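What follows is a set of notes on a single structure, which appears directly below.
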Amino acid sequence: MNLLSAGENVGVHSELGWVARLVARAVGVPESTMDEASSIVDGETTVAVRIESDGAVFDTTGMRPVTRGAHSDGRRTVLRDVGGSGFDLMLTADERLDVTARYRPGYQVRAANALLSSRFALLAGQVLVHYPVLWRAGWRGRVPLHASVVATPAGTALLAGPGGVGKSTVLARALAQGGTATADNLCAADETTCYGLSEPLRTDAAGAAGHRTSHGRVESALPGRVPALAPDRIVVLERGPRTEITAIEPARAARALVAGTYAGGELRRYWSFAATMALATGRGPAHPPVAAVAAAYAQRLPCARVVVGDGDTLTAEQLCATGVPAPAGDPRSREQRKAR
């Protein structure tokens, strides 16, 4: 299977059918495409993932210890039981990032994975595909953001806010009205463009078809997905008793974007993964400059706070906060008045 994720050309092959199904769920594609050889992506593969049926320990001869559970020779790095998933990884960092995975759980991890199958499905997708892809995107100066970008006739909004505020529900409604989006809630961003992670849409829709996942949500294919978008505004989403739309200061918008990223459960284990790989290979930042990228967007773009009232449905104009001026004293307020 080949796909475009976080701006990377990704190839995935699994010798284990059950892992292939987990990966297909994680990247939001039909399971049948896992065995397809035809390429969906133009250009050379930048991340190649191979899941082997071999259960042997990876050979670390000639490698130095990096930290607990990690050995490296600077080019090849072996990680044991990544994120508590039961998967060992061998990552080879050349121009292309090659990832070889073997499932080698201990008794307790195997039992936990069987008991908490929804959690394991999410974790497997993260450690096998999403984390390597995000780390490879970091070589290009892109940082992970717990956010989505949605393009509508009213504008292209970078949706910020912590998990649980209803970003996916708002996104689903915008897509149903003809919008396009980069991802459900994860992307790799530089200071101008957000490159969506290939993932399913997860909503709270009762009775909806699809795989059940964490927090009572349902996974379904993300309609209208595009690989990348350049946002023209930041929309900080919140929940409340009634719908309200106000302009906010850049610092507050950046803070919401940064805090939502670090609070996101999907990235909870990513930071140690990226730091370990940076220490082992000398590639990529030990700590991605999330705050700097968020601040660059907030300083350049108009920022709005949109409180979604209980049971309310937002129009594209409300979502993109059309006509909302910058806060008093913000140097962009005069520019926005001129534009109108």
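Ordering of the structure tokens sets the chain letters (A, B, ...), residue numbers begin anew at 1 in every chain, and ligands are numbered from 1 in the order given.
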
Original post:
Which of range 75-268 of chain A counts as strand (DSSP E) under DSSP, as a PyMOL selection string please?
Top reply: chain A and resi 76-79+87-93+97-103+143-145+148-152+155-160+180-181+187-189+194-196+201-203+211-212+218-220+228-229+233-240+244-247

Original post:
Quick one: residues within 9 Å of Tyr297 in chain A, only C-alpha atoms counted, chain neighbours fewer than 4 positions away excluded, as a ChimeraX atom specification?
Top reply: /A:191-192,231-234,250,254,292-293,301-302

Original post:
Quick one: residues within 10 Å of Ala26 in chain A, only C-alpha atoms counted, chain neighbours fewer than 3 positions away excluded, as a list in words?
Top reply: Ala20, Arg21, Leu22, Val23, Val29, Ala121, Leu122, Leu123, Ala124, Gly125, Gln126, Leu128, Val129, His130, Ser198, Glu199, Pro200 and Glu219 of chain A

Original post:
Using only C-alpha atoms, which residue out of A:Ser53, A:Thr77, A:Thr261, A:Ser117 lies closest to Asp94 in chain A?
Top reply: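 Result for the nearest residue to Asp94 in chain A: A:Thr77.
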
Subject >> Interatomic distance (Å, one decimal) between CA of Val78 in chain A and CA of Arg104 in chain A >> reply: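 CA of Val78 in chain A sits 13.2 Å away from CA of Arg104 in chain A.
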
Subject >> Residue among A:Ala259, A:Cys303, A:Val226, A:Met90 lying closest to Phe58 in chain A, counting only C-alpha atoms >> reply: A:Met90

Original post:
Near Thr46 in chain A, within 8 Å and counting only C-alpha atoms, which residues show up once chain neighbours fewer than 4 positions away are dropped, as a list of chain:residue names?
Top reply: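 That gives A:Glu8, A:Asn9, A:Val10, A:Glu95, A:Arg96, A:Leu97, A:Arg136.
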